[in-house]
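File shown: entry.cif (mmCIF, C-alpha atoms).
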data_input
loop_
_atom_site.label_atom_id
_atom_site.label_comp_id
_atom_site.auth_asym_id
_atom_site.auth_seq_id
_atom_site.Cartn_x
_atom_site.Cartn_y
_atom_site.Cartn_z
CA MET A 1 17.69 55.02 30.07
CA GLN A 2 16.41 51.58 29.20
CA LYS A 3 19.58 50.82 27.25
CA ASP A 4 21.72 51.24 30.36
CA ILE A 5 19.98 48.51 32.33
CA VAL A 6 20.96 44.89 31.69
CA GLN A 7 17.90 43.44 30.05
CA THR A 8 16.99 39.81 29.48
CA ASP A 9 16.34 38.65 25.94
CA ALA A 10 12.63 38.42 26.71
CA ASP A 11 12.60 42.02 27.97
CA LEU A 12 14.41 43.23 24.87
CA ILE A 13 11.94 41.41 22.64
CA GLU A 14 9.02 43.16 24.34
CA LEU A 15 10.76 46.53 24.09
CA SER A 16 11.73 45.92 20.44
CA LYS A 17 8.10 45.42 19.50
CA LYS A 18 7.44 49.01 20.56
CA ASP A 19 10.76 50.58 19.59
CA PRO A 20 12.95 49.18 16.76
CA GLU A 21 15.98 50.91 18.32
CA MET A 22 15.85 48.38 21.16
CA PHE A 23 16.18 45.61 18.60
CA GLY A 24 19.72 46.91 18.07
CA LEU A 25 20.63 45.59 21.55
CA LEU A 26 19.42 42.11 20.64
CA MET A 27 21.36 42.29 17.38
CA GLU A 28 24.45 43.33 19.26
CA ARG A 29 24.18 40.25 21.45
CA TYR A 30 23.80 37.73 18.67
CA GLN A 31 25.33 39.17 15.52
CA GLY A 32 28.74 37.60 16.21
CA GLN A 33 27.44 34.05 16.71
CA LEU A 34 25.08 34.25 13.76
CA PHE A 35 27.68 35.83 11.49
CA HIS A 36 30.08 32.91 12.14
CA TYR A 37 27.32 30.35 11.77
CA ILE A 38 26.38 31.76 8.34
CA ARG A 39 30.05 31.95 7.37
CA ARG A 40 30.59 28.33 8.37
CA MET A 41 27.55 27.14 6.48
CA THR A 42 28.11 29.15 3.29
CA GLN A 43 31.15 29.99 1.27
CA LEU A 44 30.47 33.67 0.84
CA PRO A 45 32.51 36.85 1.11
CA ALA A 46 32.04 38.90 4.29
CA ASP A 47 29.80 41.49 2.58
CA ASP A 48 27.44 38.81 1.31
CA ILE A 49 27.36 37.20 4.74
CA GLN A 50 26.39 40.58 6.19
CA ASP A 51 23.60 40.92 3.64
CA LEU A 52 22.31 37.46 4.59
CA LEU A 53 22.64 38.28 8.27
CA GLN A 54 20.66 41.49 7.79
CA GLU A 55 17.88 39.51 6.10
CA VAL A 56 17.96 37.06 9.00
CA PHE A 57 17.63 39.89 11.55
CA ILE A 58 14.76 41.45 9.63
CA LYS A 59 13.01 38.06 9.64
CA ILE A 60 13.65 37.75 13.37
CA TYR A 61 12.15 41.21 13.86
CA GLN A 62 9.07 40.33 11.80
CA LYS A 63 8.59 37.13 13.80
CA LEU A 64 9.09 38.63 17.26
CA ASN A 65 5.49 37.81 18.19
CA GLU A 66 6.17 34.14 17.42
CA TYR A 67 8.95 33.83 19.95
CA ASP A 68 8.07 31.35 22.67
CA GLU A 69 10.01 31.56 25.90
CA VAL A 70 10.24 27.78 26.20
CA LEU A 71 13.13 28.15 23.73
CA LYS A 72 16.39 29.98 24.26
CA PHE A 73 16.34 33.11 22.10
CA SER A 74 19.67 32.09 20.57
CA SER A 75 18.24 28.68 19.49
CA TRP A 76 15.24 30.42 17.94
CA ALA A 77 17.47 32.90 16.12
CA TYR A 78 19.72 30.09 14.87
CA ARG A 79 16.62 28.28 13.60
CA ILE A 80 15.58 31.32 11.57
CA ALA A 81 19.12 31.64 10.25
CA HIS A 82 19.22 27.91 9.38
CA ASN A 83 15.95 28.18 7.43
CA HIS A 84 17.15 31.32 5.69
CA ILE A 85 20.38 29.63 4.61
CA ILE A 86 18.45 26.62 3.24
CA ASP A 87 16.17 29.04 1.32
CA TYR A 88 19.22 30.88 0.03
CA PHE A 89 20.76 27.65 -1.29
CA ARG A 90 17.46 26.73 -2.92
CA LYS A 91 17.04 30.11 -4.59
CA THR A 92 20.57 30.37 -5.86
CA ASN A 93 20.95 26.66 -6.64
CA ALA A 94 24.28 27.00 -4.91
CA ARG A 95 25.94 23.97 -3.41
CA PRO A 96 26.61 24.49 0.29
CA GLN A 97 30.27 24.47 1.17
CA THR A 98 32.19 24.26 4.39
CA ASN A 99 35.68 25.11 3.22
CA SER A 100 35.32 28.60 4.63
CA LEU A 101 36.14 27.15 8.04
CA GLU A 102 39.26 28.36 9.78
CA ASP A 103 41.97 25.81 10.51
CA TYR A 104 41.12 25.71 14.22
CA GLU A 105 37.48 25.02 13.29
CA TRP A 106 38.48 22.11 11.06
CA GLU A 107 40.60 20.74 13.85
CA LYS A 108 37.62 20.79 16.19
CA ILE A 109 35.55 18.66 13.82
CA ILE A 110 38.38 16.32 12.98
CA SER A 111 39.44 15.72 16.58
CA ALA A 112 35.81 15.17 17.60
CA SER A 113 35.34 12.62 14.83
CA ILE A 114 38.63 10.78 14.98
CA ARG A 115 40.57 9.84 18.08
CA ILE A 116 43.74 11.83 17.70
CA GLU A 117 46.02 13.93 19.78
CA LYS A 118 46.08 17.54 18.66
CA ASP A 119 49.83 17.71 18.75
CA ILE A 120 50.28 14.90 16.24
CA MET A 121 47.91 16.47 13.72
CA ASN A 122 49.65 16.45 10.41
CA LYS A 123 48.94 19.44 8.18
CA ASP A 124 48.75 17.36 4.97
CA CYS A 125 46.53 14.89 6.63
CA VAL A 126 44.17 17.61 7.87
CA GLU A 127 43.89 18.89 4.29
CA LYS A 128 42.87 15.42 3.10
CA VAL A 129 40.29 15.05 5.87
CA LYS A 130 38.85 18.48 4.98
CA VAL A 131 38.13 17.18 1.50
CA CYS A 132 36.29 14.20 3.03
CA ILE A 133 34.23 16.48 5.31
CA GLU A 134 33.33 18.72 2.38
CA LYS A 135 31.91 15.68 0.62
CA LEU A 136 29.54 14.89 3.49
CA PRO A 137 25.84 15.69 2.89
CA LEU A 138 24.76 19.07 4.29
CA LYS A 139 22.69 17.62 7.13
CA TYR A 140 25.74 15.80 8.55
CA LYS A 141 28.11 18.71 8.01
CA GLU A 142 25.69 21.08 9.70
CA VAL A 143 25.29 19.04 12.89
CA LEU A 144 29.05 18.56 13.10
CA ILE A 145 29.54 22.34 12.78
CA LEU A 146 26.80 23.14 15.31
CA ARG A 147 28.07 20.59 17.81
CA PHE A 148 31.85 20.83 17.52
CA VAL A 149 32.51 24.30 16.10
CA GLN A 150 29.63 26.36 17.51
CA GLU A 151 29.84 24.07 20.58
CA LEU A 152 26.10 23.96 21.12
CA GLU A 153 24.33 21.47 23.39
CA TYR A 154 22.19 18.68 21.93
CA GLU A 155 19.02 20.42 23.19
CA GLU A 156 19.94 23.61 21.36
CA ILE A 157 20.69 21.76 18.11
CA MET A 158 17.37 19.94 18.55
CA ASP A 159 15.55 23.31 18.82
CA ILE A 160 17.42 24.79 15.86
CA LEU A 161 16.86 21.90 13.46
CA LYS A 162 13.44 20.92 14.92
CA LYS A 163 14.46 17.28 15.17
CA PRO A 164 14.19 14.93 18.18
CA LYS A 165 17.27 14.56 20.34
CA GLY A 166 17.70 10.96 19.23
CA SER A 167 17.79 12.05 15.60
CA ILE A 168 20.46 14.67 16.39
CA ALA A 169 22.57 12.06 18.16
CA THR A 170 22.10 9.72 15.18
CA LEU A 171 23.07 12.45 12.70
CA ILE A 172 26.21 13.27 14.65
CA SER A 173 27.20 9.65 15.05
CA ARG A 174 26.38 8.84 11.40
CA GLY A 175 28.30 11.94 10.27
CA LYS A 176 31.37 10.72 12.14
CA GLU A 177 30.98 7.21 10.74
CA MET A 178 30.63 8.56 7.19
CA LEU A 179 33.73 10.66 7.64
CA ILE A 180 35.72 7.63 8.79
CA GLU A 181 34.33 5.56 5.87
CA LYS A 182 35.33 8.29 3.40
CA MET A 183 38.79 8.42 4.92
CA LYS A 184 39.15 4.66 4.49
CA GLU A 185 38.00 4.93 0.88
CA GLN A 186 40.65 7.61 0.28
CA ASN A 187 43.29 5.53 2.13
CA ILE A 188 43.84 8.34 4.61
CA ASN A 189 45.62 6.69 7.50
CA CYS A 190 47.92 9.30 8.85
CA PHE A 191 46.67 9.77 12.41
CA MET B 1 32.33 46.46 6.77
CA LYS B 2 29.10 48.36 7.11
CA ASP B 3 27.44 49.04 10.44
CA LEU B 4 25.00 46.18 10.35
CA ILE B 5 22.94 47.26 13.35
CA LYS B 6 22.51 50.84 12.16
CA ASP B 7 21.72 49.72 8.61
CA THR B 8 19.20 47.12 9.72
CA ILE B 9 17.33 49.42 12.09
CA GLY B 10 17.35 52.13 9.41
CA LYS B 11 15.86 49.67 6.93
CA ILE B 12 13.19 48.58 9.42
CA LYS B 13 12.17 52.18 10.02
CA LYS B 14 12.39 53.29 6.40
CA GLN B 15 10.36 50.37 5.06
CA HIS B 16 7.93 50.49 8.01
CA ILE B 17 8.60 46.84 8.78
CA LEU B 18 6.54 45.67 11.75
CA PRO B 19 6.37 42.43 13.72
CA GLU B 20 3.61 40.21 12.29
CA SER B 21 0.50 40.21 14.43
CA LYS B 22 0.29 37.62 17.17
CA TRP B 23 -3.09 36.26 16.16
CA LYS B 24 -1.68 34.93 12.87
CA TYR B 25 0.91 32.97 14.78
CA LEU B 26 -1.63 31.76 17.37
CA ALA B 27 -4.06 30.74 14.60
CA ARG B 28 -1.32 28.64 12.98
CA LYS B 29 -0.24 27.18 16.33
CA TYR B 30 -3.70 26.21 17.55
CA GLY B 31 -4.84 25.31 14.02
CA VAL B 32 -2.35 22.45 14.01
CA TRP B 33 -3.62 21.22 17.39
CA PHE B 34 -7.22 21.59 16.26
CA LEU B 35 -6.43 19.47 13.21
CA PHE B 36 -4.79 16.87 15.46
CA VAL B 37 -7.88 16.66 17.66
CA LEU B 38 -10.09 16.39 14.58
CA VAL B 39 -7.99 13.60 13.08
CA VAL B 40 -8.01 11.71 16.39
CA ILE B 41 -11.82 12.04 16.55
CA PHE B 42 -12.17 10.69 13.00
CA GLY B 43 -9.76 7.90 13.90
CA GLY B 44 -11.83 7.08 16.99
CA VAL B 45 -15.07 7.03 14.99
CA SER B 46 -13.53 4.72 12.38
CA LEU B 47 -12.17 2.40 15.05
CA SER B 48 -15.49 2.26 16.91
CA ALA B 49 -17.31 1.47 13.63
CA ALA B 50 -14.84 -1.33 12.85
CA ALA B 51 -15.18 -2.70 16.39
CA TYR B 52 -18.95 -2.58 16.13
CA LEU B 53 -18.92 -4.51 12.85
CA LEU B 54 -16.59 -7.16 14.22
CA SER B 55 -18.54 -7.51 17.46
CA SER B 56 -21.90 -7.82 15.72
CA LEU B 57 -20.82 -10.65 13.42
CA ASP B 58 -21.30 -14.31 14.34
CA TRP B 59 -17.83 -15.73 14.74
CA ASP B 60 -18.81 -19.40 14.55
CA LEU B 61 -20.33 -19.21 11.06
CA TYR B 62 -17.17 -20.44 9.38
CA ASN B 63 -18.24 -23.93 10.54
CA PHE B 64 -21.34 -23.64 8.38
CA MET B 65 -19.48 -22.09 5.47
CA HIS B 66 -16.91 -24.88 5.25
CA GLN B 67 -14.14 -22.34 5.79
CA ASN B 68 -11.25 -22.26 8.23
CA ARG B 69 -11.00 -19.52 10.86
CA VAL B 70 -8.31 -17.51 9.07
CA GLY B 71 -10.17 -17.58 5.75
CA TYR B 72 -13.35 -16.52 7.52
CA LEU B 73 -11.58 -13.70 9.37
CA LEU B 74 -10.07 -12.43 6.11
CA SER B 75 -13.50 -12.53 4.45
CA ILE B 76 -15.23 -10.47 7.14
CA PHE B 77 -12.38 -8.12 8.11
CA PRO B 78 -13.54 -4.47 7.88
CA TYR B 79 -10.80 -3.35 5.47
CA PHE B 80 -12.49 -0.02 4.72
CA TRP B 81 -12.41 1.07 8.36
CA ALA B 82 -9.01 -0.47 8.94
CA VAL B 83 -7.55 1.61 6.09
CA LEU B 84 -9.25 4.73 7.49
CA VAL B 85 -7.95 4.03 11.01
CA GLY B 86 -4.44 3.57 9.57
CA THR B 87 -4.73 6.78 7.56
CA PHE B 88 -5.89 8.77 10.57
CA ILE B 89 -3.12 7.36 12.77
CA ILE B 90 -0.52 8.42 10.18
CA GLY B 91 -2.24 11.82 9.79
CA ALA B 92 -2.30 12.39 13.55
CA PHE B 93 1.35 11.34 13.82
CA PHE B 94 2.58 13.83 11.23
CA ASP B 95 0.26 16.54 12.53
CA MET B 96 1.67 16.16 16.03
CA ARG B 97 5.20 16.33 14.63
CA LYS B 98 4.15 19.65 13.01
CA THR B 99 3.10 21.21 16.31
CA GLU B 100 5.32 23.88 17.86
CA THR B 101 7.17 21.44 20.13
CA GLY B 102 6.37 18.17 18.35
CA TYR B 103 9.98 17.69 17.27
CA ARG B 104 11.03 17.34 20.88
CA PHE B 105 9.33 13.96 21.21
CA SER B 106 10.71 10.76 19.80
CA TRP B 107 8.87 8.89 17.04
CA LEU B 108 8.04 6.17 19.56
CA LYS B 109 6.43 8.64 22.00
CA ILE B 110 4.40 10.35 19.27
CA SER B 111 3.31 6.96 17.90
CA LEU B 112 2.22 5.85 21.37
CA VAL B 113 0.31 9.10 21.99
CA THR B 114 -1.49 9.07 18.62
CA ILE B 115 -2.31 5.34 18.61
CA GLY B 116 -3.25 5.49 22.32
CA SER B 117 -5.56 8.51 21.82
CA ILE B 118 -7.36 6.86 18.90
CA LEU B 119 -7.63 3.53 20.77
CA VAL B 120 -9.05 5.15 23.92
CA LEU B 121 -11.46 7.39 22.03
CA GLY B 122 -12.51 4.50 19.77
CA ALA B 123 -13.18 2.29 22.81
CA VAL B 124 -15.21 5.02 24.54
CA MET B 125 -17.26 5.60 21.36
CA PHE B 126 -17.77 1.87 20.85
CA PHE B 127 -19.06 1.30 24.40
CA ALA B 128 -21.23 4.43 24.12
CA GLY B 129 -22.86 2.86 21.06
CA LEU B 130 -21.61 5.48 18.61
CA GLY B 131 -19.89 2.90 16.40
CA GLY B 132 -23.21 1.17 15.71
CA ARG B 133 -24.97 4.47 15.05
CA PHE B 134 -22.27 5.60 12.69
CA ASN B 135 -22.43 2.30 10.81
CA SER B 136 -26.20 2.62 10.46
CA MET B 137 -25.81 6.18 9.19
CA MET B 138 -23.27 5.04 6.63
CA ALA B 139 -25.39 2.05 5.56
CA SER B 140 -28.49 4.19 5.04
CA GLY B 141 -26.79 7.31 3.67
CA VAL B 142 -24.08 5.74 1.51
CA PRO B 143 -25.66 2.98 -0.63
CA TYR B 144 -22.43 1.49 -1.94
CA TYR B 145 -21.10 1.14 1.60
CA GLY B 146 -23.55 -1.40 2.96
CA GLN B 147 -23.85 -3.44 -0.22
CA HIS B 148 -20.29 -3.81 -1.40
CA MET B 149 -17.76 -2.35 0.97
CA MET B 150 -18.54 -4.12 4.17
CA VAL B 151 -19.54 -7.52 5.48
CA THR B 152 -22.25 -6.44 7.88
CA LYS B 153 -24.39 -8.58 10.08
CA GLU B 154 -27.21 -7.90 7.64
CA SER B 155 -25.25 -8.95 4.57
CA GLN B 156 -23.92 -11.99 6.41
CA TRP B 157 -27.43 -13.20 7.24
CA MET B 158 -29.10 -12.37 3.95
CA GLN B 159 -27.69 -15.24 1.92
CA PRO B 160 -30.54 -17.79 1.73
CA GLN B 161 -28.86 -19.63 -1.14
CA ASP B 162 -25.91 -20.26 1.20
CA GLY B 163 -28.12 -21.23 4.12
CA PHE B 164 -28.38 -17.98 6.09
CA LEU B 165 -31.59 -16.03 6.54
CA ALA B 166 -32.73 -13.30 8.92
CA GLY B 167 -35.98 -11.48 9.44
CA THR B 168 -39.00 -10.79 11.59
CA ILE B 169 -41.53 -13.50 12.47
CA ASN B 170 -44.98 -12.74 11.06
CA SER B 171 -46.70 -15.85 12.38
CA THR B 172 -45.86 -19.21 13.90
CA SER B 173 -47.26 -22.72 13.87
CA ASN B 174 -45.89 -26.06 15.05
CA VAL B 175 -44.00 -26.69 11.87
CA VAL B 176 -43.76 -23.42 9.96
CA LEU B 177 -42.64 -19.88 10.70
CA VAL B 178 -43.69 -17.12 8.33
CA VAL B 179 -40.78 -14.68 8.24
CA SER B 180 -40.31 -11.33 6.47
CA ASP B 181 -36.61 -11.13 5.63
CA LEU B 182 -34.54 -7.94 5.91
CA ASN B 183 -35.56 -6.95 2.38
CA GLY B 184 -39.26 -7.51 3.11
CA LYS B 185 -39.59 -10.78 1.19
CA VAL B 186 -41.86 -13.33 2.93
CA TRP B 187 -40.53 -16.84 3.58
CA ASN B 188 -42.10 -20.03 4.89
CA VAL B 189 -39.52 -21.49 7.21
CA ASP B 190 -40.05 -25.18 8.00
CA PHE B 191 -38.69 -26.60 11.21
CA ASP B 192 -38.99 -29.88 13.10
CA GLU B 193 -37.78 -31.61 16.24
CA ASN B 194 -34.23 -31.68 14.85
CA THR B 195 -34.10 -27.89 14.56
CA LEU B 196 -31.84 -26.37 17.22
CA ILE B 197 -33.39 -23.33 18.85
CA ARG B 198 -30.82 -21.37 20.82
CA PRO B 199 -31.77 -20.78 24.50
CA SER B 200 -32.40 -17.05 24.27
CA ALA B 201 -34.15 -17.16 20.89
CA ASN B 202 -37.72 -16.00 21.32
CA VAL B 203 -39.67 -17.67 18.52
CA SER B 204 -42.85 -15.66 18.58
CA LYS B 205 -44.59 -13.11 16.41
CA GLY B 206 -42.75 -9.81 15.97
CA GLN B 207 -39.34 -11.16 17.06
CA MET B 208 -36.26 -10.80 14.87
CA ILE B 209 -34.34 -14.04 14.35
CA LYS B 210 -31.45 -15.50 12.40
CA ILE B 211 -31.86 -18.87 10.74
CA ILE B 212 -29.31 -21.39 9.52
CA GLY B 213 -30.56 -24.07 7.13
CA THR B 214 -31.17 -24.79 3.48
CA GLN B 215 -33.19 -22.96 0.87
CA SER B 216 -35.72 -25.50 -0.38
CA GLY B 217 -37.67 -23.33 -2.82
CA SER B 218 -38.00 -19.78 -4.07
CA ASP B 219 -39.69 -18.72 -0.82
CA THR B 220 -39.24 -21.75 1.41
CA PHE B 221 -36.42 -22.51 3.82
CA GLN B 222 -35.66 -25.56 5.97
CA ALA B 223 -34.28 -24.44 9.33
CA THR B 224 -31.63 -26.42 11.17
CA GLU B 225 -30.89 -23.72 13.74
CA ILE B 226 -32.65 -20.59 14.99
CA ARG B 227 -30.86 -17.79 16.85
CA PRO B 228 -32.02 -14.43 18.21
CA TRP B 229 -31.10 -11.42 16.05
CA ILE B 230 -28.87 -10.00 18.76
CA GLY B 231 -26.04 -12.21 19.99
CA GLY B 232 -25.37 -15.89 19.54
CA GLY B 233 -28.35 -16.92 21.61
CA MET B 234 -26.31 -18.82 24.19
CA MET B 235 -27.48 -16.71 27.14
CA GLY B 236 -29.99 -18.45 29.35
CA GLY B 237 -28.67 -21.98 29.10
CA VAL B 238 -26.02 -24.35 27.85
CA GLY B 239 -26.48 -25.62 24.34
CA GLY B 240 -29.89 -25.28 22.79
CA GLN B 241 -33.36 -26.65 22.65
CA ARG B 242 -34.71 -28.97 20.01
CA ASN B 243 -38.00 -27.79 18.68
CA GLY B 244 -40.59 -28.25 21.33
CA MET B 245 -42.77 -25.30 20.48
CA GLY B 246 -46.23 -25.90 21.75
CA THR B 247 -45.45 -29.52 22.56
CA GLY B 248 -43.62 -29.23 25.83
CA ARG B 249 -41.05 -31.69 24.47
CA GLY B 250 -37.97 -29.44 24.75
CA MET B 251 -34.67 -31.33 24.54
CA MET B 252 -31.27 -29.98 25.49
CA ARG B 253 -28.61 -30.51 22.96
CA GLY B 254 -25.68 -32.42 24.38
CA ASN B 255 -22.30 -30.65 24.08
#

What do you get writing this file as C-alpha cells?
Amino acid sequence: MQKDIVQTDADLIELSKKDPEMFGLLMERYQGQLFHYIRRMTQLPADDIQDLLQEVFIKIYQKLNEYDEVLKFSSWAYRIAHNHIIDYFRKTNARPQTNSLEDYEWEKIISASIRIEKDIMNKDCVEKVKVCIEKLPLKYKEVLILRFVQELEYEEIMDILKKPKGSIATLISRGKEMLIEKMKEQNINCF
Amino acid sequence: MKDLIKDTIGKIKKQHILPESKWKYLARKYGVWFLFVLVVIFGGVSLSAAAYLLSSLDWDLYNFMHQNRVGYLLSIFPYFWAVLVGTFIIGAFFDMRKTETGYRFSWLKISLVTIGSILVLGAVMFFAGLGGRFNSMMASGVPYYGQHMMVTKESQWMQPQDGFLAGTINSTSNVVLVVSDLNGKVWNVDFDENTLIRPSANVSKGQMIKIIGTQSGSDTFQATEIRPWIGGGMMGGVGGQRNGMGTGRGMMRGN
C-alpha cells in the first residue's frame, strides 16, 4: 500500500530504515542520475559502473541515519557517490578519465567554456578540445561536469563537494580559463 | 544489465546490512562542535593571559633602559601566548570548516567568527580577572614559564643591577627604606629630596612598591623614583612628589 502513495524522499528514508524494500523506491528515483554521474567521472564499462553504483547505494543505506534534511537528498547521494569514486581511484591507482562522455555532453562543456554557436561547431575541433579537457585536473573536470553536464545549481555542487560557493565559482571559472589556456598552447583556434 | 535494485536489496537482506546507529553520527557531529568550543575557550584563556601581561607591565620603562619604543615592545611581547592564540585561532578555523555545514561559509566569515569568538571571550576573561589568575597559576605551577618564557611584571622589576627593584617595605626612616624584594632578599634603599615619589605610592610599612634607581652595593640601592606596585602611580595627582616624608616639604615635580 505504501508503495502506491507518492512519498517524499524524507518519508522514504524513514520507511527504508524499517523496511529495506522501501529503499528500492529511493534507488529507482536516483539510479539514473547517479549512474550517469559515475559514468561521466570514470571510464568504466557499464557492468563495472553498476557494481560501483551498488556499492554507493549500500553506503547510502548504511548512512541513512546521517541524512540531514537541510540538504537535498540528491545532493547528499551525489556526495556519497563523489567520495566513493575518489576512494575507488585511490584504491585502484587509476587515473580518472572523462572521455566516456557522449558527444552532446562534450558540447555542453565546450559551449559553456568557449563562446561559440552550436551550429558552427566543427567536429575536428571538438575532438581537439576534448583532449584539452581530458588534461584538466580532476577537480576542474568534475565541477565542469556537475555544472554543465549534470546541470546542477551552484548550491547543489557546494553540498556535493563540501566547498563554499565562492570556491565552486572559482573552480568553474578557473577550469574554463585553464581550458582556454590549453587550447592556446595547442594552437586550437577553430571556433 | 542486471536488476540493480533487486540485487542491491537482496544483498542488504542477505548480509543483514543495517543503517548505522544515529548516536554514532550525532557523537561525531556534536564532537566537532564540542572541540570548537574547547579550542575557543583555550584561545580566550591565552588571549586574556597575554592581555594581562601586557597591561601589568610599565610601558614607560624604555626611557630608563635606553631603548626605543619598538625595541622595548619587542622585548616584552608575550610571544608564548601570541603563538598559542594563533594556534587556537587556526585550530578553531579548521574545526569549524569540519562541522556538518562549515563548508557553506566563506573563509572570511569563518575567520571573522573564530577570531571574533576568541577576542570576545578573551576580553570577558581579562576583565573578569581570569587572565591574571591563569598567569599566576602558570608562574607557580610551571617553573620554566615565569623564569624564561615570559617578561612578567615581576621579572621586569627584579633587575637591581639594571636599576629596577620591587618588594615590600619592612621599615622606613627619613633617608632609608628597608625592603624585602620579591625573592625575600633584604635591601637598604636610600632616598633623598631628589627622589620622585609617585602620587599614589604609599611609602609605609607593609606596602609593596617598585623602585627605579641604581644598585650601590650588594644589598644597597639608591632610589631615584618610587612607584606603587599596582599601576604607574599617577592617580591622585599630576606628576610626583619629591621626598618630603616626615618633613612636610613635599614638592610637585614640574611637567

Contact check, chain B to chain A, at most 12 Å, counting only C-alpha atoms, closest pairs as JSON lines:
{"residue": "B:Met1", "atom": "CA", "partner": "A:Asp47", "partner_atom": "CA", "distance": 7.0}
{"residue": "B:Lys2", "atom": "CA", "partner": "A:Asp47", "partner_atom": "CA", "distance": 8.3}
{"residue": "B:Asp3", "atom": "CA", "partner": "A:Gln50", "partner_atom": "CA", "distance": 9.5}
{"residue": "B:Leu4", "atom": "CA", "partner": "A:Gln54", "partner_atom": "CA", "distance": 6.9}
{"residue": "B:Ile5", "atom": "CA", "partner": "A:Gly24", "partner_atom": "CA", "distance": 5.7}
{"residue": "B:Lys6", "atom": "CA", "partner": "A:Gly24", "partner_atom": "CA", "distance": 7.6}
{"residue": "B:Asp7", "atom": "CA", "partner": "A:Gln54", "partner_atom": "CA", "distance": 8.3}
{"residue": "B:Thr8", "atom": "CA", "partner": "A:Gln54", "partner_atom": "CA", "distance": 6.1}
{"residue": "B:Ile9", "atom": "CA", "partner": "A:Pro20", "partner_atom": "CA", "distance": 6.4}
{"residue": "B:Gly10", "atom": "CA", "partner": "A:Pro20", "partner_atom": "CA", "distance": 9.1}
{"residue": "B:Lys11", "atom": "CA", "partner": "A:Ile58", "partner_atom": "CA", "distance": 8.7}
{"residue": "B:Ile12", "atom": "CA", "partner": "A:Ile58", "partner_atom": "CA", "distance": 7.3}
{"residue": "B:Lys13", "atom": "CA", "partner": "A:Pro20", "partner_atom": "CA", "distance": 7.4}
{"residue": "B:Lys14", "atom": "CA", "partner": "A:Pro20", "partner_atom": "CA", "distance": 11.2}
{"residue": "B:Gln15", "atom": "CA", "partner": "A:Ile58", "partner_atom": "CA", "distance": 10.9}
{"residue": "B:His16", "atom": "CA", "partner": "A:Pro20", "partner_atom": "CA", "distance": 10.2}
{"residue": "B:Ile17", "atom": "CA", "partner": "A:Gln62", "partner_atom": "CA", "distance": 7.2}
{"residue": "B:Leu18", "atom": "CA", "partner": "A:Gln62", "partner_atom": "CA", "distance": 5.9}
{"residue": "B:Pro19", "atom": "CA", "partner": "A:Gln62", "partner_atom": "CA", "distance": 3.9}
{"residue": "B:Glu20", "atom": "CA", "partner": "A:Gln62", "partner_atom": "CA", "distance": 5.5}
{"residue": "B:Ser21", "atom": "CA", "partner": "A:Asn65", "partner_atom": "CA", "distance": 6.7}
{"residue": "B:Lys22", "atom": "CA", "partner": "A:Asn65", "partner_atom": "CA", "distance": 5.3}
{"residue": "B:Trp23", "atom": "CA", "partner": "A:Asn65", "partner_atom": "CA", "distance": 9.0}
{"residue": "B:Lys24", "atom": "CA", "partner": "A:Glu66", "partner_atom": "CA", "distance": 9.1}
{"residue": "B:Tyr25", "atom": "CA", "partner": "A:Glu66", "partner_atom": "CA", "distance": 6.0}
{"residue": "B:Leu26", "atom": "CA", "partner": "A:Glu66", "partner_atom": "CA", "distance": 8.2}
{"residue": "B:Ala27", "atom": "CA", "partner": "A:Glu66", "partner_atom": "CA", "distance": 11.1}
{"residue": "B:Arg28", "atom": "CA", "partner": "A:Glu66", "partner_atom": "CA", "distance": 10.3}
{"residue": "B:Lys29", "atom": "CA", "partner": "A:Glu66", "partner_atom": "CA", "distance": 9.5}
{"residue": "B:Arg97", "atom": "CA", "partner": "A:Lys163", "partner_atom": "CA", "distance": 9.3}
{"residue": "B:Lys98", "atom": "CA", "partner": "A:Lys162", "partner_atom": "CA", "distance": 9.6}
{"residue": "B:Thr99", "atom": "CA", "partner": "A:Lys162", "partner_atom": "CA", "distance": 10.4}
{"residue": "B:Glu100", "atom": "CA", "partner": "A:Lys162", "partner_atom": "CA", "distance": 9.1}
{"residue": "B:Thr101", "atom": "CA", "partner": "A:Lys162", "partner_atom": "CA", "distance": 8.2}
{"residue": "B:Gly102", "atom": "CA", "partner": "A:Lys162", "partner_atom": "CA", "distance": 8.3}
{"residue": "B:Tyr103", "atom": "CA", "partner": "A:Lys163", "partner_atom": "CA", "distance": 5.0}
{"residue": "B:Arg104", "atom": "CA", "partner": "A:Pro164", "partner_atom": "CA", "distance": 4.8}
{"residue": "B:Phe105", "atom": "CA", "partner": "A:Pro164", "partner_atom": "CA", "distance": 5.8}
{"residue": "B:Ser106", "atom": "CA", "partner": "A:Pro164", "partner_atom": "CA", "distance": 5.7}
{"residue": "B:Trp107", "atom": "CA", "partner": "A:Pro164", "partner_atom": "CA", "distance": 8.1}
{"residue": "B:Leu108", "atom": "CA", "partner": "A:Gly166", "partner_atom": "CA", "distance": 10.8}
{"residue": "B:Lys109", "atom": "CA", "partner": "A:Pro164", "partner_atom": "CA", "distance": 10.7}
{"residue": "B:Ile110", "atom": "CA", "partner": "A:Pro164", "partner_atom": "CA", "distance": 10.9}

Test item: the PyMOL selection byres ((chain A and resi 144) around 9) resolved as a PyMOL selection string: chain A and resi 109+112-113+139-143+145-150+171-172+175-176

Determine, using all atoms listed in the file, which residues of segment 44-77 of chain B have any atom at most 9 Å from an atom of segment 84-87 of chain B, and tabulate each with its shortest atom pair and distance in Å to one decimal place, rows ordered by chain and then rising number, as JSON lines.
{"residue": "B:Gly44", "atom": "CA", "partner": "B:Val85", "partner_atom": "CA", "distance": 7.8}
{"residue": "B:Val45", "atom": "CA", "partner": "B:Val85", "partner_atom": "CA", "distance": 8.7}
{"residue": "B:Ser46", "atom": "CA", "partner": "B:Val85", "partner_atom": "CA", "distance": 5.8}
{"residue": "B:Leu47", "atom": "CA", "partner": "B:Val85", "partner_atom": "CA", "distance": 6.1}
{"residue": "B:Ala50", "atom": "CA", "partner": "B:Val85", "partner_atom": "CA", "distance": 8.9}

Picked residues, the PyMOL selection byres ((chain B and resi 211-216) around 6), as an MDAnalysis selection string: chainID B and resid 160:161 163:166 210 217 220:226

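Our summary of the geometry notes that atom CA of Met208 of chain B is positioned 5.5 Å from atom CA of Gly167 of chain B.
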
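Note that the spacing between atom CA of Ile115 of chain B and atom CA of Ile89 of chain B amounts to 6.2 Å.
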
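You will find atom CA of Ala128 of chain B at 27.0 Å from atom CA of Met96 of chain B.
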
Resolved residues for the PyMOL selection byres ((chain A and resi 85) around 12) as a PyMOL selection string: chain A and resi 34-35+37-44+49+51-53+55-56+78-84+86-97+138+142
